[in-house]
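Participant: First, the structure itself, so that you have it in front of you.
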Amino acid sequence: MAARGVGRLTCLPLCSQRSSRVLRSISRHLSCPGTVAAKVRNEEQPPRGAKTGFEDRTLKKRFSEVQKERREQAQRTVLIHCPNNINEKKFLKYLSQHGPINNHFFYESIGLYAVVEFCQKDSINSLQNGTHTPSLSTEATIPFKSRFLNLKLKNPSNQISEQSFAHTNNQLPPSSKKLFELLNYAESIDDQLNTLLNAFQLTEENVRLRHLTCSLIEDIAAAYFPGCVIWPFGSSVNTFGKLGCDLDMFLDLDEVGKLNVHKNTGNFLMEFQVKNVPSERIATQKILSVIGECLDNFGPGCVGVQKILNARCPLVRFSHQASGFQCDLTANNSIALKSSELLYIYGSLDSRVRALVFSVRCWARAHSLTSSIPGAWITNFSLTVMVIFFLQRRSPPILPTLDSLKSLAELLLKEFFEYYGNFAFNKNSINIRQGKEQNKPDSSPLYIQNPFETSLNISKNVSQNQLQKFVELARDSAWILEQKEKNQPSPSSRQPWGLAALLMPPGPHHTSLSRKKKKKPMSEKVKGLLATIKSNSTDSFAGTPGKRTISTKA
């Protein structure tokens with residue numbers, strides 16, 4: 001019997017005699033007080049005898065531990081705008097006079113930037129004490145002192161002759177052309193899924209930059225609310241983020257209002273005088289309005305500030321020029337952090353979860369099922385929940401052993417498309433909390449229950465037309481993957497295959513297979529792909545033996 005609740009987070013086929021030891025290790029992680037898993041575990045105890053184990057892989061750190069470490073790391077870090085011809089060795093030697101440096105990297109945005117992490121916070125104070133406020137002849141400056149600094153060269157000519165220029169880290173995903181080339185060079189669909197994951201997932205440097213950006217915004221908010229915390233959430237921390245994704249953050253004021261029992265002894269209790277407002281929503285709107293004004297007027301590098309205070313979840317939207325991130329700031333949005341932790345746990349159980357999610361998301365974006373513009377499209381969060389639900393419902397439930405990875409990577413992708421190509425969206429909802437279909441409580445085309453606010457539908461925005469498009473493309477994609485010719489790389493082929501074939505946008509005369517009563521004639525896209533593969537190509541490959549070239553034209 002499959003386990004319910006948190007049991008589904010860890011339920012895998014029993015693959016060795018060591019599974020009981022793995023179960024105990026996972027249980028220790030999931031039962032840690034204060035975690036999402038612990039909360040769900042208390043509400044829904046899994047039945048005894050549930051099979052579990054994930055190939056001796058355990059979650060090394062809790063989500064809260066990782067976020068705390070990243071925040072402390074960011075607090076010891078500065079962001080420096082550097083001259084393009086900076087000498088890296090001299091640069092590091094100059095900064096080292098303020099204290100030992102633990103880590104650093106350079107990247108390009110609007111200019112060259114350095115992210116430098118010191119070993120101690122005191123080093124930042126030393127650096128700031130020796131930093132000057134610029135004086136301009138034509139404009140006035142606002143003397144706001146932050147950890148976002150600007151470095152100038154006293155003698156630029158001496159630097160140009162040096163050949164130790166800074167090496168930059170890429171912060172952007174590969175182009176479509178480069179992605180198709182990488183996928184075509186892969187040896188199997190399993191290899192393609194992992195290639196796509198490695199090409200799009202957040203790098204260590206990008207994660208550091210995201211936490212640093214939150215820390216810089218926290219410095220501004222702390223001017224009004226000392227002790228507050230700005231936490232990143234969503235794709236930036238749930239292990240499903242891709243390079244170039246937005247940075248979602250929320251202002252956590254819970255720590256500000258907590259009573260310090262060590263400083264309040266005896267018969268007296270001291271309280272702050274505060275303003276009172278009719279509701280928490282109004283308080284949130286007022287707080288975000290003030291923070292938005294601060295970012296707009298005093299925040300270095302914060303541009304395009306929009307205060308969207310009448311939304312269901314009030315927010316401040318802005319661009320952080322130095323990092324290149326589009327940012328959304330909310331307040332007291334603890335549910336979002338819990339959702340991030342839940343996905344973090346799922347993504348940590350097995351790398352195939354993330355590889356499948358990345359591939360499905362990329363497939364959806366290639367066919368305009370998702371969009372960065374708000375509207376009736378399916379969101380990436382909804383797609384991720386749909387993948388998790390599919391993995392809960394497949395037989396056997398959750399993920400199989402790593403020994404079957406090679407043969408099952410393709411199978412999981414095909415089964416995902418088959419599952420949702422035949423899912424009864426007209427009557428059933430998706431519930432990953434219990435891992436089963438349920439009757440829809442309303443007439444929304446797509447109903448995906450929020451795992452924490454169970455009365456909410458996270459896909460309420462999706463229209464019937466967009467859902468129908470998703471279903472038709474899922475059926476078409478499953479059909480393509482069933483064709484064995486597509487799954488085997490051909491050294492002489494110049495056409496996309498496997499995952500690359502699924503990412504090709506449909507032609508102008510594309511007709512979905514699911515809209516036809518008969519399987520033949522096929523859609524123009526599928527027909528063209530089969531005709532190309534079955535024909536005897538006279539083209540020869542002039543590159544490295546065993547590699548393939550690819551056309552990126554749709």
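Ligands are numbered from 1 in the order shown, chains are lettered A, B, ... in the order of the structure tokens, and residues start at 1 in each chain.
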Could you pull out the alpha helix (DSSP H) residues of region 375-505 of chain A from DSSP and send them as a ChimeraX atom specification?
Facilitator: /A:380-393,405-421,464-482,484-487,499-502
Participant: Store the residues picked out above in a file with C-alpha atoms, as a compact mmCIF listing (two decimals), in the first residue's frame.
Facilitator:
```
# COMPACT_ATOMS: atom_id res chain seq x y z
CA ASN A 380 5.52 26.88 -13.99
CA PHE A 381 4.41 26.18 -10.42
CA SER A 382 1.27 24.43 -11.68
CA LEU A 383 3.34 22.38 -14.13
CA THR A 384 5.72 21.35 -11.35
CA VAL A 385 2.85 20.23 -9.14
CA MET A 386 1.41 18.26 -12.08
CA VAL A 387 4.73 16.43 -12.53
CA ILE A 388 4.85 15.59 -8.82
CA PHE A 389 1.25 14.37 -8.90
CA PHE A 390 2.00 12.16 -11.89
CA LEU A 391 4.98 10.63 -10.07
CA GLN A 392 2.72 9.95 -7.10
CA ARG A 393 0.10 8.25 -9.26
CA LEU A 405 17.54 5.08 -14.61
CA LYS A 406 18.75 4.54 -18.17
CA SER A 407 15.61 2.80 -19.37
CA LEU A 408 13.13 4.75 -17.27
CA ALA A 409 14.19 8.34 -18.07
CA GLU A 410 12.50 8.17 -21.48
CA LEU A 411 9.65 6.14 -20.02
CA LEU A 412 8.82 8.75 -17.38
CA LEU A 413 8.65 11.55 -19.92
CA LYS A 414 6.38 9.54 -22.22
CA GLU A 415 4.21 8.39 -19.31
CA PHE A 416 3.82 11.98 -18.10
CA PHE A 417 2.41 13.03 -21.48
CA GLU A 418 0.20 9.93 -21.66
CA TYR A 419 -1.10 10.50 -18.13
CA TYR A 420 -2.22 14.07 -18.70
CA GLY A 421 -3.25 13.43 -22.28
CA GLN A 464 -10.35 26.12 -21.19
CA ASN A 465 -8.54 26.88 -24.46
CA GLN A 466 -5.12 26.77 -22.80
CA LEU A 467 -5.95 23.51 -21.01
CA GLN A 468 -7.17 21.95 -24.27
CA LYS A 469 -3.95 23.04 -25.98
CA PHE A 470 -1.92 21.42 -23.18
CA VAL A 471 -3.85 18.14 -23.51
CA GLU A 472 -3.49 18.02 -27.29
CA LEU A 473 0.25 18.73 -27.15
CA ALA A 474 0.70 16.11 -24.42
CA ARG A 475 -0.98 13.49 -26.62
CA ASP A 476 1.08 14.50 -29.65
CA SER A 477 4.30 14.35 -27.61
CA ALA A 478 3.48 10.92 -26.22
CA TRP A 479 2.84 9.68 -29.75
CA ILE A 480 6.18 11.05 -30.97
CA LEU A 481 8.06 9.34 -28.13
CA GLU A 482 6.35 6.04 -28.97
CA LYS A 484 11.25 4.12 -31.70
CA GLU A 485 13.00 5.83 -34.57
CA LYS A 486 12.81 9.09 -32.62
CA ASN A 487 14.45 7.61 -29.56
CA LEU A 499 13.48 15.66 -26.47
CA ALA A 500 14.76 18.01 -29.18
CA ALA A 501 11.89 16.91 -31.45
CA LEU A 502 9.39 17.74 -28.71
```
Participant: Can you pull out the residues contacting Ser96 (chain A)? Cut-off 10 Å, using only C-alpha atoms, and skip same-chain residues under 6 positions away; I want them as a list in words.
Facilitator: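 After dropping sequence-adjacent residues, the list is Lys90, Phe118, Ser123 and Leu127 of chain A.
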Participant: Sorted by chain and rising residue number, list the residues of region 296-413 of chain A at most 12 Å from region 226-229 of chain A (counting only C-alpha atoms), each with its closest atom pair and distance in Å to one decimal, as JSON lines.
Facilitator:
```
{"residue": "A:Leu329", "atom": "CA", "partner": "A:Val229", "partner_atom": "CA", "distance": 11.9}
{"residue": "A:Thr330", "atom": "CA", "partner": "A:Val229", "partner_atom": "CA", "distance": 11.9}
{"residue": "A:Ala331", "atom": "CA", "partner": "A:Val229", "partner_atom": "CA", "distance": 10.2}
{"residue": "A:Asn332", "atom": "CA", "partner": "A:Val229", "partner_atom": "CA", "distance": 10.1}
{"residue": "A:Asn333", "atom": "CA", "partner": "A:Val229", "partner_atom": "CA", "distance": 11.9}
{"residue": "A:Ser334", "atom": "CA", "partner": "A:Val229", "partner_atom": "CA", "distance": 11.9}
```
Participant: So which residues touch region 278-286 of chain A within 10 Å, counting only C-alpha atoms, skipping near sequence neighbours fewer than 5 positions away, as a list in words?
Facilitator: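 What passes the distance filter is Leu251, Ile291, Gly292, Lys307, Ile308, Leu309, Asn310, Ala311, Arg312, Cys313, Pro314, Leu315, Val316, Thr330, Ala331 and Asn332 of chain A.
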Participant: Please, could you write that set of residues out with N, CA and C atoms as a PDB file, in the first residue's frame?
Facilitator:
```
ATOM      1  N   LEU A 251       9.212  39.989   2.778  1.00  0.00           N
ATOM      2  CA  LEU A 251       9.654  40.665   3.991  1.00  0.00           C
ATOM      3  C   LEU A 251       9.043  39.950   5.188  1.00  0.00           C
ATOM      4  N   ILE A 291       8.322  50.705   1.828  1.00  0.00           N
ATOM      5  CA  ILE A 291       9.523  50.032   1.307  1.00  0.00           C
ATOM      6  C   ILE A 291       9.705  50.350  -0.171  1.00  0.00           C
ATOM      7  N   GLY A 292       8.591  50.387  -0.918  1.00  0.00           N
ATOM      8  CA  GLY A 292       8.666  50.730  -2.336  1.00  0.00           C
ATOM      9  C   GLY A 292       9.211  52.128  -2.555  1.00  0.00           C
ATOM     10  N   LYS A 307       4.392  49.755  -7.287  1.00  0.00           N
ATOM     11  CA  LYS A 307       3.702  49.311  -6.077  1.00  0.00           C
ATOM     12  C   LYS A 307       2.334  48.743  -6.472  1.00  0.00           C
ATOM     13  N   ILE A 308       2.227  47.407  -6.485  1.00  0.00           N
ATOM     14  CA  ILE A 308       0.993  46.722  -6.886  1.00  0.00           C
ATOM     15  C   ILE A 308       0.311  46.262  -5.597  1.00  0.00           C
ATOM     16  N   LEU A 309      -0.362  47.187  -4.943  1.00  0.00           N
ATOM     17  CA  LEU A 309      -0.841  46.954  -3.585  1.00  0.00           C
ATOM     18  C   LEU A 309      -2.258  46.402  -3.510  1.00  0.00           C
ATOM     19  N   ASN A 310      -3.002  46.441  -4.609  1.00  0.00           N
ATOM     20  CA  ASN A 310      -4.381  45.950  -4.588  1.00  0.00           C
ATOM     21  C   ASN A 310      -4.520  44.527  -5.114  1.00  0.00           C
ATOM     22  N   ALA A 311      -3.397  43.883  -5.416  1.00  0.00           N
ATOM     23  CA  ALA A 311      -3.440  42.488  -5.850  1.00  0.00           C
ATOM     24  C   ALA A 311      -3.841  41.592  -4.680  1.00  0.00           C
ATOM     25  N   ARG A 312      -4.220  40.343  -4.978  1.00  0.00           N
ATOM     26  CA  ARG A 312      -4.592  39.414  -3.899  1.00  0.00           C
ATOM     27  C   ARG A 312      -3.472  39.292  -2.891  1.00  0.00           C
ATOM     28  N   CYS A 313      -2.249  39.257  -3.409  1.00  0.00           N
ATOM     29  CA  CYS A 313      -1.068  39.299  -2.547  1.00  0.00           C
ATOM     30  C   CYS A 313      -0.304  40.573  -2.902  1.00  0.00           C
ATOM     31  N   PRO A 314      -0.449  41.654  -2.123  1.00  0.00           N
ATOM     32  CA  PRO A 314       0.205  42.927  -2.448  1.00  0.00           C
ATOM     33  C   PRO A 314       1.709  42.750  -2.631  1.00  0.00           C
ATOM     34  N   LEU A 315       2.286  43.494  -3.573  1.00  0.00           N
ATOM     35  CA  LEU A 315       3.710  43.333  -3.844  1.00  0.00           C
ATOM     36  C   LEU A 315       4.311  44.615  -4.389  1.00  0.00           C
ATOM     37  N   VAL A 316       5.622  44.681  -4.333  1.00  0.00           N
ATOM     38  CA  VAL A 316       6.399  45.740  -4.972  1.00  0.00           C
ATOM     39  C   VAL A 316       7.283  45.080  -6.024  1.00  0.00           C
ATOM     40  N   THR A 330       7.043  40.736  -1.534  1.00  0.00           N
ATOM     41  CA  THR A 330       5.800  40.671  -0.778  1.00  0.00           C
ATOM     42  C   THR A 330       6.145  40.738   0.706  1.00  0.00           C
ATOM     43  N   ALA A 331       5.126  40.669   1.555  1.00  0.00           N
ATOM     44  CA  ALA A 331       5.352  40.758   2.996  1.00  0.00           C
ATOM     45  C   ALA A 331       4.576  39.664   3.719  1.00  0.00           C
ATOM     46  N   ASN A 332       5.214  39.067   4.730  1.00  0.00           N
ATOM     47  CA  ASN A 332       4.584  38.041   5.569  1.00  0.00           C
ATOM     48  C   ASN A 332       3.927  36.941   4.739  1.00  0.00           C
TER      49      ASN A 332
END
```
Participant: Of the candidates A:Phe425, A:Phe250, A:Tyr107, A:Tyr185, which shows the shortest atom-to-atom distance to Cys214 (chain A), using only C-alpha atoms?
Facilitator: A:Phe250
Participant: Excluding His104 (chain A) and residues on its chain fewer than 4 positions from it, collect all residues at most 10 Å away from it, counting only C-alpha atoms, and give them as a PyMOL selection string.
Facilitator: chain A and resi 77-79+92+114-118+205
